[in-house]
Amino acid sequence: MPPRYSSELLAGVRNSVADRVYGQLLGAVLGGRYAPGDALPRQRDLAAELGVTLGSVREGMKRLEQMGLVDVRHGDATRVEDWRERGGLDVLEHLGPAVVPAILEARSLMLREMAGLAAGRREPGQAARLGELARELGAVRDVRAAAELDFAFFTEVARAAGNIVFQLILNAIRETYFAHLDDLPVTGDPPALALGYTAVADAIAGGDGEAARAAAFALAEVQRQAVLG
């Protein structure tokens, strides 16, 4: 009698194959094997090349399409899009260490503007919460715990800024950020950063937009230089 498999197990097997196909196709697109505008091989040919089912290729292709990396047209060739023009924040996770300097530069600029807005829009409870987080950051010594507090601090700054786009950006990068924390050790020396968080919190609480922008940018730049060396 042949072995019996649960539907959950079979679905897991199918998903793992689809994940592998997706990873291989993603690597080929981001790695430059296929340039923007290139036509990908037919899905049947890709399935034969990769030794998988047509369904797994379709699933992988669907995920690439959702990321904006390919243009799937029924009855026509699937063409590669320029990920620099069409990709979203989810692409960052797959670009490797080379993109870290750009991430940190963008972080410095974003945190600066968030803090400036927060100084003019914060509510009393938000200002108090930032002060609490700054004090916690001054006492913590564990790098992972400090990173979590750092993210919580700037998430609170984003809320105080009252700009939903900043909040959604932080939501979008949170999982990837913590998955690659070793490459982005922005809180590698928590005690040395304590005064920086306090300066940001105090400026926001005092409603001083320019001071808040300067303090947030100065803190982020110290963190950036600590990572880049």
# chains A, B, ... in the order shown; residues from 1 in each chain; ligands from 1
call {"tool": "residues_around", "arguments": {"residues": "Ala211 of chain A", "least_positions_apart": "2", "cutoff": "10 Å", "atoms": "only C-alpha atoms", "output": "list in words"}}
result
Arg112, Ala115, Gly116, Ala119, Ala199, Val200, Asp202, Ala203, Ile204, Gly206, Gly207, Asp208, Gly209, Arg213, Ala214, Ala215, Ala216 and Phe217 of chain A
call {"tool": "write_last_selection", "arguments": {"atoms": "N, CA and C atoms", "output": "mmCIF file, in the first residue's frame"}}
result
data_model
loop_
_atom_site.group_PDB
_atom_site.id
_atom_site.type_symbol
_atom_site.label_atom_id
_atom_site.label_comp_id
_atom_site.auth_asym_id
_atom_site.auth_seq_id
_atom_site.Cartn_x
_atom_site.Cartn_y
_atom_site.Cartn_z
ATOM 1 N N ARG A 112 15.610 62.362 10.246
ATOM 2 C CA ARG A 112 15.724 63.813 10.427
ATOM 3 C C ARG A 112 14.390 64.501 10.165
ATOM 4 N N ALA A 115 11.612 63.633 12.780
ATOM 5 C CA ALA A 115 11.779 64.333 14.046
ATOM 6 C C ALA A 115 11.331 65.787 13.937
ATOM 7 N N GLY A 116 11.648 66.430 12.816
ATOM 8 C CA GLY A 116 11.229 67.813 12.620
ATOM 9 C C GLY A 116 9.719 67.958 12.634
ATOM 10 N N ALA A 119 8.187 67.397 16.205
ATOM 11 C CA ALA A 119 8.303 68.517 17.142
ATOM 12 C C ALA A 119 7.110 69.462 17.037
ATOM 13 N N ALA A 199 18.523 63.886 23.431
ATOM 14 C CA ALA A 199 18.482 65.162 22.713
ATOM 15 C C ALA A 199 17.302 65.205 21.743
ATOM 16 N N VAL A 200 17.058 64.103 21.060
ATOM 17 C CA VAL A 200 15.925 64.042 20.132
ATOM 18 C C VAL A 200 14.612 64.172 20.905
ATOM 19 N N ASP A 202 14.027 65.433 23.881
ATOM 20 C CA ASP A 202 13.861 66.748 24.498
ATOM 21 C C ASP A 202 13.461 67.807 23.470
ATOM 22 N N ALA A 203 14.077 67.751 22.297
ATOM 23 C CA ALA A 203 13.759 68.738 21.263
ATOM 24 C C ALA A 203 12.323 68.577 20.775
ATOM 25 N N ILE A 204 11.877 67.330 20.626
ATOM 26 C CA ILE A 204 10.498 67.088 20.207
ATOM 27 C C ILE A 204 9.531 67.548 21.292
ATOM 28 N N GLY A 206 10.007 69.832 23.426
ATOM 29 C CA GLY A 206 10.034 71.287 23.489
ATOM 30 C C GLY A 206 9.470 71.973 22.260
ATOM 31 N N GLY A 207 9.074 71.200 21.249
ATOM 32 C CA GLY A 207 8.492 71.786 20.051
ATOM 33 C C GLY A 207 9.484 72.507 19.157
ATOM 34 N N ASP A 208 10.762 72.190 19.291
ATOM 35 C CA ASP A 208 11.814 72.845 18.492
ATOM 36 C C ASP A 208 12.153 71.975 17.289
ATOM 37 N N GLY A 209 11.546 72.303 16.162
ATOM 38 C CA GLY A 209 11.704 71.484 14.962
ATOM 39 C C GLY A 209 13.127 71.418 14.448
ATOM 40 N N ARG A 213 15.409 68.078 14.271
ATOM 41 C CA ARG A 213 15.981 67.594 13.019
ATOM 42 C C ARG A 213 17.487 67.403 13.163
ATOM 43 N N ALA A 214 18.144 68.392 13.768
ATOM 44 C CA ALA A 214 19.598 68.312 13.931
ATOM 45 C C ALA A 214 19.995 67.162 14.841
ATOM 46 N N ALA A 215 19.263 66.979 15.935
ATOM 47 C CA ALA A 215 19.601 65.920 16.893
ATOM 48 C C ALA A 215 19.381 64.532 16.283
ATOM 49 N N ALA A 216 18.282 64.363 15.570
ATOM 50 C CA ALA A 216 17.995 63.061 14.960
ATOM 51 C C ALA A 216 19.010 62.730 13.880
ATOM 52 N N PHE A 217 19.369 63.743 13.085
ATOM 53 C CA PHE A 217 20.350 63.504 12.023
ATOM 54 C C PHE A 217 21.719 63.194 12.609
#
call {"tool": "closest_atom_pairs", "arguments": {"of": "segment 95-120 of chain A", "to": "segment 178-188 of chain A", "cutoff": "10 Å", "atoms": "only C-alpha atoms", "output": "tab-separated table"}}
result
residue	atom	partner	partner_atom	distance
A:Gly96	CA	A:Asp183	CA	9.3
A:Pro97	CA	A:Asp183	CA	7.1
A:Val100	CA	A:Leu184	CA	7.5
A:Pro101	CA	A:Leu184	CA	9.7
A:Ile103	CA	A:Leu184	CA	9.3
A:Leu104	CA	A:Leu184	CA	8.4
call {"tool": "write_last_selection", "arguments": {"atoms": "C-alpha atoms", "output": "PDB file, in the first residue's frame"}}
result
ATOM      1  CA  GLY A  96      22.839  41.963  -0.043  1.00  0.00           C
ATOM      2  CA  PRO A  97      25.447  43.978   1.915  1.00  0.00           C
ATOM      3  CA  VAL A 100      23.726  48.845   3.300  1.00  0.00           C
ATOM      4  CA  PRO A 101      25.357  52.303   2.772  1.00  0.00           C
ATOM      5  CA  ILE A 103      19.941  52.129   3.442  1.00  0.00           C
ATOM      6  CA  LEU A 104      21.773  53.969   6.199  1.00  0.00           C
TER       7      LEU A 104
END
call {"tool": "atom_distance", "arguments": {"atom1": "atom CA of Val17 of chain A", "atom2": "atom CA of Val57 of chain A"}}
result
9.0 Å
call {"tool": "residues_around", "arguments": {"residues": "segment 83-95 of chain A", "least_positions_apart": "5", "cutoff": "10 Å", "atoms": "only C-alpha atoms", "output": "list in words"}}
result
Gly23, Leu26, Gly27, Val29, Leu30, Gly31, Ala35, Pro36, Leu64, Glu65, Gln66, Met67, Gly68, Leu69, Val70, Val100, Ile103, Ile169, Ala172, Ile173, Glu175, Thr176, Tyr177, Ala179 and His180 of chain A
call {"tool": "select_by_dssp", "arguments": {"residues": "segment 45-229 of chain A", "states": "strand (DSSP E or B)", "output": "MDAnalysis selection string"}}
result
chainID A and resid 70:71 79:80
call {"tool": "write_last_selection", "arguments": {"atoms": "N, CA, C and O atoms", "output": "short mmCIF file (atom, residue, chain, number, x, y, z; two decimals), in the first residue's frame"}}
result
data_model
loop_
_atom_site.label_atom_id
_atom_site.label_comp_id
_atom_site.auth_asym_id
_atom_site.auth_seq_id
_atom_site.Cartn_x
_atom_site.Cartn_y
_atom_site.Cartn_z
N VAL A 70 8.74 41.49 -12.97
CA VAL A 70 8.48 40.97 -14.30
C VAL A 70 7.09 41.42 -14.75
O VAL A 70 6.22 41.71 -13.93
N ASP A 71 6.91 41.46 -16.05
CA ASP A 71 5.61 41.80 -16.65
C ASP A 71 5.11 40.56 -17.36
O ASP A 71 5.64 40.16 -18.40
N ARG A 79 8.46 39.56 -19.63
CA ARG A 79 9.65 40.41 -19.74
C ARG A 79 10.08 40.94 -18.38
O ARG A 79 9.26 41.21 -17.50
N VAL A 80 11.39 41.11 -18.25
CA VAL A 80 11.97 41.59 -17.00
C VAL A 80 11.81 43.10 -16.91
O VAL A 80 12.08 43.83 -17.86
#
call {"tool": "select_by_dssp", "arguments": {"residues": "chain A", "states": "alpha helix (DSSP H)", "output": "number ranges by chain"}}
result
A: 7-30, 43-50, 54-66, 83-86, 100-121, 124-139, 143-161, 164-179, 190-205, 209-228
call {"tool": "residues_around", "arguments": {"residues": "Leu130 of chain A", "least_positions_apart": "6", "cutoff": "7 Å", "atoms": "only C-alpha atoms", "output": "PyMOL selection string"}}
result
chain A and resi 153+156+201
call {"tool": "write_last_selection", "arguments": {"atoms": "N, CA, C and O atoms", "output": "PDB file, in the first residue's frame"}}
result
ATOM      1  N   PHE A 153      11.640  53.548  19.433  1.00  0.00           N
ATOM      2  CA  PHE A 153      11.810  54.994  19.596  1.00  0.00           C
ATOM      3  C   PHE A 153      11.437  55.723  18.312  1.00  0.00           C
ATOM      4  O   PHE A 153      10.631  56.663  18.310  1.00  0.00           O
ATOM      5  N   GLU A 156       7.825  55.579  17.363  1.00  0.00           N
ATOM      6  CA  GLU A 156       7.064  56.574  18.114  1.00  0.00           C
ATOM      7  C   GLU A 156       7.259  57.968  17.517  1.00  0.00           C
ATOM      8  O   GLU A 156       6.321  58.777  17.461  1.00  0.00           O
ATOM      9  N   ALA A 201      14.472  63.400  21.977  1.00  0.00           N
ATOM     10  CA  ALA A 201      13.240  63.410  22.767  1.00  0.00           C
ATOM     11  C   ALA A 201      12.977  64.792  23.356  1.00  0.00           C
ATOM     12  O   ALA A 201      11.843  65.291  23.328  1.00  0.00           O
TER      13      ALA A 201
END
call {"tool": "residues_around", "arguments": {"residues": "Phe154 of chain A", "least_positions_apart": "5", "cutoff": "9 Å", "atoms": "only C-alpha atoms", "output": "PDB file with C-alpha atoms, in the first residue's frame"}}
result
ATOM      1  CA  LEU A 111      14.690  60.164  10.700  1.00  0.00           C
ATOM      2  CA  MET A 114      10.344  62.646  10.967  1.00  0.00           C
ATOM      3  CA  ALA A 115      11.779  64.333  14.046  1.00  0.00           C
ATOM      4  CA  LEU A 130       9.846  59.271  23.797  1.00  0.00           C
ATOM      5  CA  LEU A 149      14.203  49.977  21.673  1.00  0.00           C
ATOM      6  CA  ARG A 159       3.598  58.394  14.970  1.00  0.00           C
ATOM      7  CA  LEU A 170       8.848  51.376   9.125  1.00  0.00           C
TER       8      LEU A 170
END
call {"tool": "residues_around", "arguments": {"residues": "Val21 of chain A", "least_positions_apart": "2", "cutoff": "12 Å", "atoms": "only C-alpha atoms", "output": "ChimeraX atom specification"}}
result
/A:14-19,23-28,43,46-64
call {"tool": "atom_distance", "arguments": {"atom1": "atom CA of Asn171 of chain A", "atom2": "atom CA of Thr155 of chain A"}}
result
8.7 Å
call {"tool": "decode", "arguments": {"residues": "segment 54-72 of chain A", "atoms": "N, CA and C atoms", "output": "mmCIF file, in the first residue's frame"}}
result
data_model
loop_
_atom_site.group_PDB
_atom_site.id
_atom_site.type_symbol
_atom_site.label_atom_id
_atom_site.label_comp_id
_atom_site.auth_asym_id
_atom_site.auth_seq_id
_atom_site.Cartn_x
_atom_site.Cartn_y
_atom_site.Cartn_z
ATOM 1 N N LEU A 54 5.308 22.759 -13.695
ATOM 2 C CA LEU A 54 4.889 24.032 -14.285
ATOM 3 C C LEU A 54 4.194 24.899 -13.238
ATOM 4 N N GLY A 55 3.448 24.254 -12.334
ATOM 5 C CA GLY A 55 2.757 25.003 -11.290
ATOM 6 C C GLY A 55 3.718 25.756 -10.380
ATOM 7 N N SER A 56 4.863 25.137 -10.064
ATOM 8 C CA SER A 56 5.856 25.797 -9.214
ATOM 9 C C SER A 56 6.455 27.010 -9.919
ATOM 10 N N VAL A 57 6.683 26.892 -11.208
ATOM 11 C CA VAL A 57 7.209 28.028 -11.972
ATOM 12 C C VAL A 57 6.180 29.157 -11.998
ATOM 13 N N ARG A 58 4.922 28.798 -12.202
ATOM 14 C CA ARG A 58 3.878 29.824 -12.234
ATOM 15 C C ARG A 58 3.780 30.556 -10.904
ATOM 16 N N GLU A 59 3.899 29.799 -9.814
ATOM 17 C CA GLU A 59 3.838 30.419 -8.490
ATOM 18 C C GLU A 59 5.017 31.360 -8.277
ATOM 19 N N GLY A 60 6.220 30.911 -8.658
ATOM 20 C CA GLY A 60 7.391 31.770 -8.527
ATOM 21 C C GLY A 60 7.270 33.017 -9.384
ATOM 22 N N MET A 61 6.749 32.852 -10.597
ATOM 23 C CA MET A 61 6.583 33.986 -11.503
ATOM 24 C C MET A 61 5.550 34.975 -10.963
ATOM 25 N N LYS A 62 4.513 34.433 -10.344
ATOM 26 C CA LYS A 62 3.484 35.295 -9.762
ATOM 27 C C LYS A 62 4.070 36.182 -8.665
ATOM 28 N N ARG A 63 4.950 35.623 -7.849
ATOM 29 C CA ARG A 63 5.570 36.396 -6.776
ATOM 30 C C ARG A 63 6.495 37.480 -7.344
ATOM 31 N N LEU A 64 7.217 37.152 -8.403
ATOM 32 C CA LEU A 64 8.059 38.167 -9.047
ATOM 33 C C LEU A 64 7.200 39.288 -9.627
ATOM 34 N N GLU A 65 6.064 38.926 -10.180
ATOM 35 C CA GLU A 65 5.165 39.933 -10.744
ATOM 36 C C GLU A 65 4.624 40.840 -9.640
ATOM 37 N N GLN A 66 4.287 40.265 -8.500
ATOM 38 C CA GLN A 66 3.785 41.063 -7.379
ATOM 39 C C GLN A 66 4.834 42.034 -6.864
ATOM 40 N N MET A 67 6.101 41.666 -6.999
ATOM 41 C CA MET A 67 7.195 42.552 -6.582
ATOM 42 C C MET A 67 7.517 43.611 -7.633
ATOM 43 N N GLY A 68 6.877 43.525 -8.793
ATOM 44 C CA GLY A 68 7.136 44.481 -9.855
ATOM 45 C C GLY A 68 8.384 44.186 -10.656
ATOM 46 N N LEU A 69 8.854 42.926 -10.614
ATOM 47 C CA LEU A 69 10.111 42.585 -11.272
ATOM 48 C C LEU A 69 9.937 41.990 -12.658
ATOM 49 N N VAL A 70 8.743 41.492 -12.969
ATOM 50 C CA VAL A 70 8.480 40.969 -14.303
ATOM 51 C C VAL A 70 7.095 41.417 -14.750
ATOM 52 N N ASP A 71 6.909 41.460 -16.053
ATOM 53 C CA ASP A 71 5.613 41.803 -16.653
ATOM 54 C C ASP A 71 5.106 40.556 -17.363
ATOM 55 N N VAL A 72 4.118 39.916 -16.757
ATOM 56 C CA VAL A 72 3.559 38.681 -17.312
ATOM 57 C C VAL A 72 2.373 39.025 -18.204
#
